[in-house]
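For reference, structure_7.cif (mmCIF, C-alpha atoms and all ligand atoms):
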data_input
#
loop_
_atom_site.label_atom_id
_atom_site.label_comp_id
_atom_site.auth_asym_id
_atom_site.auth_seq_id
_atom_site.Cartn_x
_atom_site.Cartn_y
_atom_site.Cartn_z
CA MET A 1 -10.43 40.76 -2.04
CA ARG A 2 -13.77 38.91 -2.03
CA LEU A 3 -13.35 35.22 -2.87
CA ASN A 4 -16.40 33.30 -4.07
CA ILE A 5 -15.71 29.63 -3.46
CA VAL A 6 -17.95 26.66 -4.03
CA CYS A 7 -17.18 23.81 -1.61
CA ILE A 8 -17.92 20.18 -2.37
CA PRO A 9 -17.30 18.40 0.94
CA GLY A 10 -18.24 15.08 -0.69
CA ASP A 11 -18.21 11.71 1.04
CA GLY A 12 -16.26 9.78 3.68
CA ILE A 13 -13.64 12.01 5.30
CA GLY A 14 -14.46 14.78 2.77
CA PRO A 15 -16.64 16.92 5.09
CA GLU A 16 -14.08 16.61 7.95
CA ILE A 17 -11.07 17.71 5.90
CA VAL A 18 -12.91 20.49 4.03
CA ALA A 19 -14.04 21.95 7.38
CA GLU A 20 -10.40 22.20 8.48
CA ALA A 21 -9.31 23.69 5.15
CA LYS A 22 -12.00 26.37 5.55
CA LYS A 23 -10.77 27.07 9.08
CA VAL A 24 -7.24 27.68 7.76
CA LEU A 25 -8.49 29.75 4.80
CA ASP A 26 -10.61 31.86 7.17
CA LYS A 27 -7.58 32.59 9.33
CA ALA A 28 -5.50 33.58 6.27
CA ALA A 29 -8.38 35.78 5.08
CA PHE A 30 -8.61 37.43 8.51
CA VAL A 31 -4.86 38.10 8.71
CA TYR A 32 -4.54 39.42 5.14
CA GLY A 33 -7.89 41.25 4.94
CA HIS A 34 -9.96 39.18 2.51
CA GLU A 35 -13.62 38.19 2.54
CA MET A 36 -14.45 34.53 2.05
CA ASN A 37 -17.83 33.67 0.57
CA TYR A 38 -18.50 29.90 0.61
CA LYS A 39 -21.36 27.98 -0.92
CA ASP A 40 -21.58 24.24 -0.11
CA VAL A 41 -23.00 21.92 -2.77
CA LEU A 42 -23.40 18.15 -3.07
CA MET A 43 -21.62 15.78 -5.45
CA GLY A 44 -20.80 12.07 -5.53
CA GLY A 45 -22.47 9.74 -3.02
CA ALA A 46 -24.02 12.57 -1.01
CA SER A 47 -25.72 13.81 -4.19
CA ILE A 48 -26.92 10.28 -5.06
CA ASP A 49 -28.53 10.01 -1.62
CA ALA A 50 -30.23 13.41 -1.95
CA TYR A 51 -31.12 13.55 -5.66
CA GLY A 52 -30.49 10.10 -7.14
CA VAL A 53 -27.65 11.34 -9.37
CA PRO A 54 -23.95 12.03 -8.57
CA LEU A 55 -23.94 15.48 -10.20
CA THR A 56 -26.82 17.90 -10.68
CA GLU A 57 -27.21 20.87 -13.02
CA GLU A 58 -27.45 23.04 -9.88
CA THR A 59 -23.99 21.93 -8.73
CA ILE A 60 -22.53 22.61 -12.18
CA ALA A 61 -24.19 26.05 -12.31
CA ALA A 62 -22.94 26.94 -8.81
CA ALA A 63 -19.40 25.88 -9.74
CA LYS A 64 -19.50 27.90 -12.96
CA ALA A 65 -20.67 30.98 -11.06
CA ALA A 66 -17.83 30.70 -8.49
CA ASP A 67 -14.19 31.85 -8.75
CA ALA A 68 -12.94 28.40 -7.71
CA VAL A 69 -14.09 25.06 -6.32
CA LEU A 70 -12.63 23.41 -3.21
CA MET A 71 -13.43 19.73 -2.95
CA GLY A 72 -12.92 17.06 -0.31
CA SER A 73 -13.29 13.68 -1.89
CA ILE A 74 -16.09 11.57 -3.25
CA GLY A 75 -16.92 7.88 -3.23
CA GLY A 76 -17.47 5.13 -0.70
CA ASP A 77 -16.30 1.61 0.01
CA THR A 78 -16.42 0.12 -3.48
CA THR A 79 -17.26 -3.39 -2.22
CA THR A 80 -19.94 -2.63 0.39
CA SER A 81 -21.51 0.73 -0.50
CA PRO A 82 -24.88 0.58 -2.33
CA TRP A 83 -23.64 3.38 -4.61
CA TYR A 84 -21.55 0.76 -6.45
CA LYS A 85 -24.59 -1.36 -7.27
CA LEU A 86 -25.79 1.46 -9.55
CA ALA A 87 -25.01 1.73 -13.27
CA PRO A 88 -21.48 3.15 -13.86
CA ASN A 89 -22.86 6.51 -15.06
CA LEU A 90 -24.75 6.92 -11.76
CA ARG A 91 -21.88 6.06 -9.41
CA PRO A 92 -20.07 8.73 -7.35
CA GLU A 93 -16.99 8.92 -9.63
CA ALA A 94 -19.20 9.79 -12.62
CA GLY A 95 -19.84 13.09 -10.83
CA LEU A 96 -16.15 13.88 -10.84
CA LEU A 97 -15.70 13.11 -14.54
CA GLY A 98 -18.86 15.10 -15.29
CA ILE A 99 -17.78 18.23 -13.45
CA ARG A 100 -14.27 18.14 -15.00
CA LYS A 101 -15.90 18.00 -18.42
CA ALA A 102 -18.51 20.67 -17.67
CA LEU A 103 -15.84 23.06 -16.42
CA ASN A 104 -13.37 22.24 -19.24
CA LEU A 105 -10.58 21.41 -16.78
CA PHE A 106 -7.75 20.41 -19.11
CA ALA A 107 -4.70 20.96 -16.90
CA ASN A 108 -4.02 18.81 -13.87
CA LEU A 109 -1.41 19.91 -11.35
CA ARG A 110 0.03 17.59 -8.76
CA PRO A 111 2.79 18.82 -6.52
CA ALA A 112 5.14 16.22 -5.04
CA VAL A 113 7.05 17.66 -2.11
CA LEU A 114 9.29 15.84 0.33
CA TYR A 115 9.11 17.59 3.70
CA GLU A 116 12.33 17.31 5.68
CA GLU A 117 10.37 16.17 8.74
CA LEU A 118 8.71 13.33 6.79
CA SER A 119 11.76 12.18 4.87
CA ASP A 120 11.71 8.82 6.70
CA ALA A 121 8.49 8.00 4.78
CA CYS A 122 10.33 8.40 1.46
CA PRO A 123 11.14 4.95 0.04
CA LEU A 124 14.29 6.22 -1.73
CA LYS A 125 17.84 5.79 -0.43
CA LYS A 126 18.77 8.29 2.26
CA GLU A 127 21.46 9.99 0.14
CA ILE A 128 18.75 10.77 -2.44
CA SER A 129 15.97 11.76 -0.02
CA ASP A 130 18.42 13.98 1.93
CA ALA A 131 18.52 16.34 -1.08
CA GLY A 132 14.71 16.77 -0.74
CA PHE A 133 12.46 17.60 -3.69
CA ASP A 134 9.66 19.95 -4.62
CA MET A 135 8.18 19.41 -8.06
CA MET A 136 4.93 20.10 -9.86
CA ILE A 137 3.63 17.56 -12.35
CA MET A 138 1.46 19.22 -14.97
CA ARG A 139 -0.60 16.68 -16.88
CA GLU A 140 -2.86 17.29 -19.88
CA LEU A 141 -6.24 15.93 -18.79
CA THR A 142 -8.67 15.92 -21.70
CA GLY A 143 -6.78 14.63 -24.76
CA GLY A 144 -4.40 11.92 -25.89
CA LEU A 145 -4.80 8.18 -25.66
CA TYR A 146 -7.58 8.22 -23.03
CA PHE A 147 -9.85 10.30 -25.27
CA GLY A 148 -8.89 9.02 -28.73
CA GLU A 149 -10.92 6.74 -30.96
CA ARG A 150 -10.84 3.13 -29.76
CA TYR A 151 -12.30 -0.13 -30.96
CA THR A 152 -11.87 -3.88 -30.78
CA THR A 153 -12.29 -6.01 -33.87
CA GLU A 154 -11.41 -9.38 -35.27
CA GLU A 155 -9.37 -9.85 -38.42
CA GLY A 156 -9.04 -13.35 -39.86
CA GLY A 157 -9.98 -14.93 -36.52
CA ILE A 158 -7.40 -12.82 -34.64
CA ARG A 159 -8.75 -10.36 -32.07
CA LYS A 160 -7.33 -6.88 -32.35
CA ALA A 161 -7.76 -3.72 -30.21
CA VAL A 162 -6.89 -0.18 -31.28
CA ASP A 163 -6.46 3.02 -29.22
CA THR A 164 -5.45 6.27 -30.86
CA LEU A 165 -3.20 8.97 -29.40
CA SER A 166 -3.97 12.30 -30.97
CA TYR A 167 -3.17 15.89 -30.03
CA ASN A 168 -3.64 19.06 -32.03
CA GLU A 169 -1.35 22.04 -31.59
CA GLU A 170 -4.01 24.09 -29.77
CA GLU A 171 -4.41 21.40 -27.09
CA ILE A 172 -0.64 21.32 -26.62
CA ARG A 173 -0.22 25.10 -26.66
CA ARG A 174 -2.81 25.80 -23.94
CA ILE A 175 -1.29 23.30 -21.48
CA ALA A 176 2.24 24.45 -22.32
CA ILE A 177 1.28 28.07 -21.56
CA LYS A 178 -0.13 26.92 -18.18
CA GLY A 179 3.08 25.01 -17.50
CA PHE A 180 5.31 28.00 -18.22
CA ASP A 181 3.02 30.33 -16.21
CA ILE A 182 3.28 28.00 -13.23
CA ALA A 183 7.07 27.76 -13.63
CA MET A 184 7.23 31.58 -13.46
CA LYS A 185 5.74 31.32 -9.95
CA ARG A 186 8.29 28.65 -8.97
CA ARG A 187 11.98 27.97 -9.76
CA LYS A 188 11.54 28.77 -13.48
CA LYS A 189 12.42 25.41 -14.97
CA VAL A 190 10.21 23.27 -17.22
CA THR A 191 11.01 19.66 -18.10
CA SER A 192 8.76 18.70 -21.01
CA VAL A 193 8.33 14.93 -21.14
CA ASP A 194 7.51 13.04 -24.34
CA LYS A 195 8.48 10.06 -26.48
CA ALA A 196 9.65 12.10 -29.47
CA ASN A 197 12.07 9.38 -30.62
CA VAL A 198 9.02 7.25 -31.56
CA LEU A 199 5.69 9.12 -31.55
CA ASP A 200 4.49 11.77 -34.00
CA SER A 201 2.23 13.26 -31.31
CA SER A 202 5.35 13.71 -29.15
CA ARG A 203 7.28 15.36 -32.00
CA LEU A 204 4.46 17.90 -32.41
CA TRP A 205 4.33 18.28 -28.60
CA ARG A 206 8.05 19.13 -28.56
CA LYS A 207 7.75 21.66 -31.43
CA VAL A 208 4.81 23.50 -29.86
CA VAL A 209 6.44 23.56 -26.40
CA ASP A 210 9.56 25.06 -28.03
CA GLU A 211 7.38 27.73 -29.70
CA VAL A 212 5.67 28.62 -26.40
CA SER A 213 9.01 28.77 -24.58
CA ALA A 214 10.05 31.70 -26.82
CA ASP A 215 7.57 33.85 -24.85
CA TYR A 216 9.19 32.85 -21.53
CA PRO A 217 12.88 33.81 -21.78
CA ASP A 218 13.29 33.56 -17.98
CA VAL A 219 12.24 29.91 -17.91
CA THR A 220 14.79 27.17 -18.64
CA LEU A 221 13.27 24.45 -20.83
CA GLU A 222 14.58 20.92 -21.20
CA HIS A 223 13.06 17.97 -23.05
CA MET A 224 13.21 14.49 -21.57
CA LEU A 225 12.03 11.13 -22.87
CA VAL A 226 9.39 9.55 -20.67
CA ASP A 227 11.38 6.38 -19.95
CA ASN A 228 14.32 8.47 -18.78
CA CYS A 229 11.98 10.66 -16.68
CA ALA A 230 10.59 7.57 -14.90
CA MET A 231 14.18 6.65 -13.95
CA GLN A 232 15.24 10.19 -13.00
CA LEU A 233 12.27 10.50 -10.61
CA VAL A 234 13.78 7.83 -8.38
CA LYS A 235 17.45 8.60 -9.10
CA ASP A 236 17.52 12.38 -8.72
CA PRO A 237 14.06 13.89 -8.04
CA ALA A 238 15.62 17.15 -6.80
CA GLN A 239 16.41 18.13 -10.43
CA PHE A 240 12.73 18.72 -11.28
CA ASP A 241 10.67 21.90 -10.93
CA VAL A 242 7.71 21.71 -13.38
CA ILE A 243 7.23 18.48 -15.34
CA LEU A 244 4.96 19.17 -18.33
CA THR A 245 3.48 16.17 -20.09
CA GLU A 246 0.56 14.59 -21.94
CA ASN A 247 -2.30 12.64 -20.39
CA MET A 248 -1.08 9.04 -20.10
CA PHE A 249 2.56 9.86 -19.32
CA GLY A 250 1.31 12.31 -16.67
CA ASP A 251 -1.03 9.73 -15.17
CA ILE A 252 1.84 7.32 -14.62
CA LEU A 253 4.56 9.81 -13.65
CA SER A 254 2.36 11.71 -11.17
CA ASP A 255 1.58 8.47 -9.32
CA GLU A 256 5.26 7.58 -9.29
CA ALA A 257 6.16 11.03 -7.94
CA SER A 258 3.44 10.75 -5.24
CA MET A 259 4.77 7.40 -4.12
CA VAL A 260 8.27 8.71 -3.59
CA THR A 261 6.91 11.28 -1.10
CA GLY A 262 5.52 8.35 0.90
CA SER A 263 2.62 10.29 2.49
CA ILE A 264 -0.79 10.12 0.81
CA GLY A 265 -2.41 12.50 3.31
CA MET A 266 -0.06 15.32 2.25
CA LEU A 267 -0.66 15.46 -1.51
CA ALA A 268 -2.66 18.33 -3.00
CA SER A 269 -3.94 18.71 -6.55
CA ALA A 270 -5.63 21.16 -8.87
CA SER A 271 -7.40 21.00 -12.22
CA LEU A 272 -7.51 24.23 -14.22
CA ASN A 273 -9.23 25.57 -17.33
CA ASP A 274 -7.99 28.35 -19.59
CA SER A 275 -9.13 31.12 -17.26
CA LYS A 276 -8.04 31.48 -13.63
CA PHE A 277 -10.76 29.06 -12.56
CA GLY A 278 -9.76 25.77 -10.93
CA LEU A 279 -11.03 22.80 -8.95
CA TYR A 280 -8.78 22.03 -5.98
CA GLU A 281 -8.82 18.72 -4.13
CA PRO A 282 -6.53 16.34 -2.26
CA SER A 283 -4.99 13.54 -4.35
CA HIS A 284 -6.28 10.89 -1.96
CA GLY A 285 -9.76 9.39 -1.89
CA SER A 286 -12.60 9.56 0.64
CA ALA A 287 -10.96 7.02 3.02
CA PRO A 288 -14.26 5.37 4.08
CA ASP A 289 -12.29 3.14 6.48
CA ILE A 290 -11.55 6.10 8.77
CA ALA A 291 -14.55 8.39 8.02
CA GLY A 292 -16.19 9.89 11.12
CA LYS A 293 -13.33 8.87 13.43
CA GLY A 294 -11.81 12.36 13.52
CA ILE A 295 -8.33 11.05 12.62
CA ALA A 296 -8.02 12.02 8.94
CA ASN A 297 -5.08 14.15 7.87
CA PRO A 298 -6.48 17.47 6.54
CA ILE A 299 -3.11 18.71 5.21
CA ALA A 300 -3.59 17.63 1.56
CA THR A 301 -6.85 19.63 1.47
CA VAL A 302 -5.28 22.58 3.27
CA LEU A 303 -2.43 22.58 0.72
CA SER A 304 -5.00 22.34 -2.10
CA ALA A 305 -6.62 25.47 -0.63
CA ALA A 306 -3.19 27.16 -0.70
CA MET A 307 -2.88 26.21 -4.38
CA MET A 308 -6.30 27.78 -4.94
CA LEU A 309 -5.11 31.08 -3.45
CA ARG A 310 -1.95 30.99 -5.57
CA TYR A 311 -3.32 29.92 -8.95
CA SER A 312 -6.92 31.17 -9.02
CA PHE A 313 -6.47 34.38 -7.01
CA ASP A 314 -2.74 35.23 -7.39
CA LEU A 315 -2.55 35.53 -3.59
CA ASP A 316 1.02 34.24 -3.34
CA LYS A 317 1.77 35.73 0.10
CA GLU A 318 -1.30 34.09 1.59
CA ALA A 319 -0.48 30.74 -0.07
CA ASP A 320 3.09 30.97 1.28
CA ALA A 321 1.68 31.60 4.76
CA ILE A 322 -0.40 28.41 4.63
CA GLU A 323 2.47 26.33 3.24
CA ASN A 324 4.80 27.68 5.93
CA ALA A 325 2.20 26.90 8.58
CA VAL A 326 2.26 23.25 7.43
CA LYS A 327 6.07 23.16 7.62
CA ASN A 328 6.10 24.79 11.09
CA VAL A 329 3.47 22.46 12.55
CA LEU A 330 5.42 19.45 11.26
CA LYS A 331 8.63 20.95 12.66
CA LYS A 332 6.99 21.27 16.08
CA GLY A 333 6.37 17.52 15.99
CA TYR A 334 2.59 17.33 15.49
CA ARG A 335 1.37 14.44 13.32
CA THR A 336 -1.91 12.84 12.31
CA ILE A 337 -2.01 9.06 12.55
CA ASP A 338 -1.04 8.42 8.90
CA ILE A 339 2.30 10.28 9.25
CA MET A 340 2.95 9.49 12.93
CA THR A 341 6.50 8.58 13.92
CA GLU A 342 8.14 7.90 17.26
CA GLY A 343 8.79 10.96 19.39
CA CYS A 344 6.04 13.03 17.73
CA ARG A 345 2.67 14.06 19.19
CA GLN A 346 -0.39 12.50 17.56
CA VAL A 347 -3.33 14.82 16.90
CA GLY A 348 -6.73 14.41 15.25
CA CYS A 349 -8.16 16.14 12.20
CA LYS A 350 -9.68 19.11 14.08
CA GLU A 351 -6.64 19.69 16.25
CA MET A 352 -4.39 19.67 13.17
CA GLY A 353 -6.68 22.30 11.60
CA ASP A 354 -6.47 24.43 14.78
CA LEU A 355 -2.67 24.16 14.88
CA LEU A 356 -2.36 25.18 11.22
CA ALA A 357 -4.71 28.14 11.65
CA ASP A 358 -2.84 29.28 14.79
CA GLU A 359 0.44 29.26 12.86
CA ILE A 360 -0.84 31.97 10.46
CA LYS A 361 -0.16 35.26 12.15
P1 LIG B 401 -8.14 6.39 -0.34
O1 LIG B 401 -7.13 7.39 -0.81
O2 LIG B 401 -9.45 6.91 0.06
O3 LIG B 401 -7.52 5.56 0.90
C1 LIG B 401 -6.35 4.76 0.80
C2 LIG B 401 -5.77 4.59 2.23
O4 LIG B 401 -5.19 5.82 2.66
C3 LIG B 401 -6.84 4.26 3.28
O5 LIG B 401 -6.30 3.37 4.23
C4 LIG B 401 -7.14 5.59 3.93
O6 LIG B 401 -7.59 5.48 5.28
C5 LIG B 401 -5.80 6.32 3.84
N1 LIG B 401 -5.99 7.77 3.69
C6 LIG B 401 -6.38 8.42 2.56
N2 LIG B 401 -6.46 9.74 2.80
C7 LIG B 401 -6.12 9.92 4.09
C8 LIG B 401 -6.03 11.06 4.93
N3 LIG B 401 -6.30 12.29 4.49
N4 LIG B 401 -5.66 10.88 6.22
C9 LIG B 401 -5.37 9.66 6.68
N5 LIG B 401 -5.43 8.54 5.95
C10 LIG B 401 -5.81 8.66 4.66
O7 LIG B 401 -8.28 5.32 -1.52
P2 LIG B 401 -9.33 4.12 -1.67
O8 LIG B 401 -9.57 3.47 -0.34
O9 LIG B 401 -8.83 3.33 -2.79
O10 LIG B 401 -10.67 4.81 -2.17
C11 LIG B 401 -11.78 5.13 -1.32
C12 LIG B 401 -12.84 5.84 -2.12
O11 LIG B 401 -12.33 7.10 -2.58
C13 LIG B 401 -13.30 5.08 -3.38
O12 LIG B 401 -14.68 5.22 -3.50
C14 LIG B 401 -12.57 5.79 -4.51
O13 LIG B 401 -13.26 5.68 -5.73
C15 LIG B 401 -12.59 7.23 -3.99
N6 LIG B 401 -11.57 8.11 -4.59
C16 LIG B 401 -11.96 9.38 -4.86
C17 LIG B 401 -11.07 10.29 -5.37
C18 LIG B 401 -11.53 11.70 -5.66
O14 LIG B 401 -12.55 12.11 -5.13
N7 LIG B 401 -10.82 12.46 -6.47
C19 LIG B 401 -9.74 9.91 -5.59
C20 LIG B 401 -9.34 8.60 -5.26
C21 LIG B 401 -10.27 7.70 -4.75
#

Mind converting the file's structure to structure tokens?
Amino acid sequence: MRLNIVCIPGDGIGPEIVAEAKKVLDKAAFVYGHEMNYKDVLMGGASIDAYGVPLTEETIAAAKAADAVLMGSIGGDTTTSPWYKLAPNLRPEAGLLGIRKALNLFANLRPAVLYEELSDACPLKKEISDAGFDMMIMRELTGGLYFGERYTTEEGGIRKAVDTLSYNEEEIRRIAIKGFDIAMKRRKKVTSVDKANVLDSSRLWRKVVDEVSADYPDVTLEHMLVDNCAMQLVKDPAQFDVILTENMFGDILSDEASMVTGSIGMLASASLNDSKFGLYEPSHGSAPDIAGKGIANPIATVLSAAMMLRYSFDLDKEADAIENAVKNVLKKGYRTIDIMTEGCRQVGCKEMGDLLADEIK
């Protein structure tokens, strides 16, 4: 298969970690007989330096013409970088919001996996972390409270602020279909999270998710209230496979799930539209404090590349090979500085990339 991928190395550690992800992808392509066709484009701070804006029409056009986008991370030190003296719509992060909008990326996927070898980093009690967990949080990204009508007013001398939470059935249906499709590639369980005991938008959410589930008889569906889900994530995270939820609940729950893994350098993410197209990036930022030192952990980006193979190209075998390479390298005791523990061997960003690529045979 020929894979046309646009790469946005970005800022800070972005170029270092994307280079290692490409190395691992190239090895998987070599072993499984695929042709990788990369095109590098600028976004964020690098684009501001070159063109004065964080996102250009050329970058959008290149992304639209590709099968998928692999991104490092954008942004700089928010207190010292000159990028943050610019107007908000010209800062690096505006590029990210702009490209998500231009590509209609409405579904955000964030896996939270506890690797056996890194279980000491998990802040939960040992009897809970011993069970391990491997879940996918699927968050609606373009609707709900963050995109509803909002205003602040004053009534009779009392200040008042209003935000509206609105979803139509089409917005719910398209993310639900994505959630069930993803569950079919995993352990076939969907936990749909809402606040249906209070909110009308949640009651509609629940109805539409039930309707969609009729087309997926192999997937077990359960509904859970968001407050209970927040508790269950720390009490028994092993119960979850795919968590399907709206924008604000997903924002909060995905951060909670990331925290219980304990390792920021390991967390991948993807944002998808209604075709197979997706933008894949690590969950962490551009880590300007360690940029250029060669010590960044490339694994979150490598795992994002594996997600790209699985969800944009249906190359499940190849994605498995990359994910297994990560597990094997950890098992052999290699660690970057952020996940280093006693008795392990510390390696830099490049060496970690080499080790991962070597593991794919
Ligand atoms: P950050 O995630 O960049 O860093 C937080 C801490 O984790 C730092 O100490 C950093 O060194 C460490 N860290 C992060 N990734 C690591 C890795 N792969 N290997 C080893 N250590 C790692 O968060 P921040 O410092 O709050 O943000 C820095 C910049 O990144 C800001 O400009 C922010 O806006 C941007 N940001 C971008 C994205 C994105 O591009 N999607 C996401 C989050 C933050």

Do you know which residues are within 7 Å of ligand LIG 401 (chain B) using only C-alpha atoms and all ligand atoms? Can you write them as an mmCIF file with C-alpha atoms, keeping the file's coordinate frame?
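Result file is selection.cif:
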data_model
loop_
_atom_site.group_PDB
_atom_site.id
_atom_site.type_symbol
_atom_site.label_atom_id
_atom_site.label_comp_id
_atom_site.auth_asym_id
_atom_site.auth_seq_id
_atom_site.Cartn_x
_atom_site.Cartn_y
_atom_site.Cartn_z
ATOM 1 C CA GLY A 72 -12.920 17.060 -0.310
ATOM 2 C CA SER A 73 -13.290 13.680 -1.890
ATOM 3 C CA ILE A 74 -16.090 11.570 -3.250
ATOM 4 C CA GLY A 75 -16.920 7.880 -3.230
ATOM 5 C CA GLY A 76 -17.470 5.130 -0.700
ATOM 6 C CA ASP A 77 -16.300 1.610 0.010
ATOM 7 C CA THR A 78 -16.420 0.120 -3.480
ATOM 8 C CA GLU A 93 -16.990 8.920 -9.630
ATOM 9 C CA LEU A 96 -16.150 13.880 -10.840
ATOM 10 C CA ILE A 264 -0.790 10.120 0.810
ATOM 11 C CA GLY A 265 -2.410 12.500 3.310
ATOM 12 C CA GLU A 281 -8.820 18.720 -4.130
ATOM 13 C CA SER A 283 -4.990 13.540 -4.350
ATOM 14 C CA HIS A 284 -6.280 10.890 -1.960
ATOM 15 C CA GLY A 285 -9.760 9.390 -1.890
ATOM 16 C CA SER A 286 -12.600 9.560 0.640
ATOM 17 C CA ALA A 287 -10.960 7.020 3.020
ATOM 18 C CA PRO A 288 -14.260 5.370 4.080
ATOM 19 C CA ASP A 289 -12.290 3.140 6.480
ATOM 20 C CA ILE A 290 -11.550 6.100 8.770
ATOM 21 C CA ILE A 295 -8.330 11.050 12.620
ATOM 22 C CA ALA A 296 -8.020 12.020 8.940
ATOM 23 C CA ASN A 297 -5.080 14.150 7.870
ATOM 24 C CA PRO A 298 -6.480 17.470 6.540
ATOM 25 C CA ALA A 300 -3.590 17.630 1.560
ATOM 26 C CA ILE A 337 -2.010 9.060 12.550
ATOM 27 C CA ASP A 338 -1.040 8.420 8.900
#

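The protein and nucleic acid residues lying at most 12 Å from Gly33 of chain A are A:Met1, A:Arg2, A:Leu3, A:Leu25, A:Asp26, A:Lys27, A:Ala28, A:Ala29, A:Phe30, A:Val31, A:Glu35, A:Met36, A:Leu315, A:Glu318, with only C-alpha atoms considered and sequence neighbours fewer than 2 positions away removed.
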
Which is closest to Trp83 of chain A among A:Asp236, A:Glu342, A:Asp11, A:Glu154, if we use only C-alpha atoms?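 Looking at the shortest contact to Trp83 of chain A, the residue is A:Asp11.
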
Could you check the closest approach to Met71 of chain A for each of A:Leu221, A:Val212, A:Val18, A:Leu199 and tell me which residue wins, using all atoms listed in the file? A:Val18

Could you check the closest approach to Ala305 of chain A for each of A:Asn108, A:Ser269, A:Ser166, A:Asn328 and tell me which residue wins, using all atoms listed in the file?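 For Ala305 of chain A, the nearest of the candidates is A:Ser269.
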
Just want the 6 Å neighbourhood of segment 133-138 of chain A, counted on only C-alpha atoms, with same-chain residues fewer than 5 positions away dropped. Output as a PyMOL selection string. chain A and resi 108-114+237-238+240-244

Pick the closest to Leu309 of chain A from A:Tyr280, A:Tyr334, A:Tyr115, A:Tyr167: which is it, counting only C-alpha atoms? A:Tyr280

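Around Thr152 of chain A, within 7 Å and counting only C-alpha atoms, the residues found are Lys160, Ala161 and Val162 of chain A, once anything fewer than 4 positions away on its own chain is removed.
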
Pick out the closest residue to Gly179 of chain A from this set: A:Lys195, A:Arg139, A:Arg159, A:Lys64. Count all atoms listed in the file. A:Arg139

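Closest approach to Ala102 of chain A from the set A:Ala214, A:Ala357, A:Ile60, A:Val41 is made by A:Ile60, with distances taken over all atoms listed in the file.
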
Two-atom distance - atom CA of Leu356 of chain A, atom CA of Lys178 of chain A (Å): 29.5 Å

Starting from the point (11.6, 9.5, -23.1), work out which residues of protein, DNA or RNA have an atom no more than 7 Å away when counting only C-alpha atoms; state them as a PDB file with C-alpha atoms, keeping the file's coordinate frame.
ATOM      1  CA  VAL A 193       8.330  14.930 -21.140  1.00  0.00           C
ATOM      2  CA  ASP A 194       7.510  13.040 -24.340  1.00  0.00           C
ATOM      3  CA  LYS A 195       8.480  10.060 -26.480  1.00  0.00           C
ATOM      4  CA  MET A 224      13.210  14.490 -21.570  1.00  0.00           C
ATOM      5  CA  LEU A 225      12.030  11.130 -22.870  1.00  0.00           C
ATOM      6  CA  VAL A 226       9.390   9.550 -20.670  1.00  0.00           C
ATOM      7  CA  ASP A 227      11.380   6.380 -19.950  1.00  0.00           C
ATOM      8  CA  ASN A 228      14.320   8.470 -18.780  1.00  0.00           C
ATOM      9  CA  CYS A 229      11.980  10.660 -16.680  1.00  0.00           C
TER      10      CYS A 229
END

Radius query 12 Å about (19.0, 10.0, -0.6), atoms used: all atoms listed in the file, as a ChimeraX atom specification: /A:114,116,119-133,234-238,260

Could the residues in this selection be saved with C-alpha atoms as a PDB file, in the frame of the given file?
ATOM      1  CA  LEU A 114       9.290  15.840   0.330  1.00  0.00           C
ATOM      2  CA  GLU A 116      12.330  17.310   5.680  1.00  0.00           C
ATOM      3  CA  SER A 119      11.760  12.180   4.870  1.00  0.00           C
ATOM      4  CA  ASP A 120      11.710   8.820   6.700  1.00  0.00           C
ATOM      5  CA  ALA A 121       8.490   8.000   4.780  1.00  0.00           C
ATOM      6  CA  CYS A 122      10.330   8.400   1.460  1.00  0.00           C
ATOM      7  CA  PRO A 123      11.140   4.950   0.040  1.00  0.00           C
ATOM      8  CA  LEU A 124      14.290   6.220  -1.730  1.00  0.00           C
ATOM      9  CA  LYS A 125      17.840   5.790  -0.430  1.00  0.00           C
ATOM     10  CA  LYS A 126      18.770   8.290   2.260  1.00  0.00           C
ATOM     11  CA  GLU A 127      21.460   9.990   0.140  1.00  0.00           C
ATOM     12  CA  ILE A 128      18.750  10.770  -2.440  1.00  0.00           C
ATOM     13  CA  SER A 129      15.970  11.760  -0.020  1.00  0.00           C
ATOM     14  CA  ASP A 130      18.420  13.980   1.930  1.00  0.00           C
ATOM     15  CA  ALA A 131      18.520  16.340  -1.080  1.00  0.00           C
ATOM     16  CA  GLY A 132      14.710  16.770  -0.740  1.00  0.00           C
ATOM     17  CA  PHE A 133      12.460  17.600  -3.690  1.00  0.00           C
ATOM     18  CA  VAL A 234      13.780   7.830  -8.380  1.00  0.00           C
ATOM     19  CA  LYS A 235      17.450   8.600  -9.100  1.00  0.00           C
ATOM     20  CA  ASP A 236      17.520  12.380  -8.720  1.00  0.00           C
ATOM     21  CA  PRO A 237      14.060  13.890  -8.040  1.00  0.00           C
ATOM     22  CA  ALA A 238      15.620  17.150  -6.800  1.00  0.00           C
ATOM     23  CA  VAL A 260       8.270   8.710  -3.590  1.00  0.00           C
TER      24      VAL A 260
END

With a distance cut-off of 9 Å and all atoms listed in the file, select the neighbouring residues of Leu330 of chain A, excluding the residue or stretch itself and same-chain residues fewer than 4 positions from it, and output the selection as a short mmCIF file (atom, residue, chain, number, x, y, z; two decimals) with C-alpha atoms, in the frame of the given file.
data_model
loop_
_atom_site.label_atom_id
_atom_site.label_comp_id
_atom_site.auth_asym_id
_atom_site.auth_seq_id
_atom_site.Cartn_x
_atom_site.Cartn_y
_atom_site.Cartn_z
CA TYR A 115 9.11 17.59 3.70
CA GLU A 117 10.37 16.17 8.74
CA LEU A 118 8.71 13.33 6.79
CA ALA A 325 2.20 26.90 8.58
CA VAL A 326 2.26 23.25 7.43
CA TYR A 334 2.59 17.33 15.49
CA ARG A 335 1.37 14.44 13.32
#
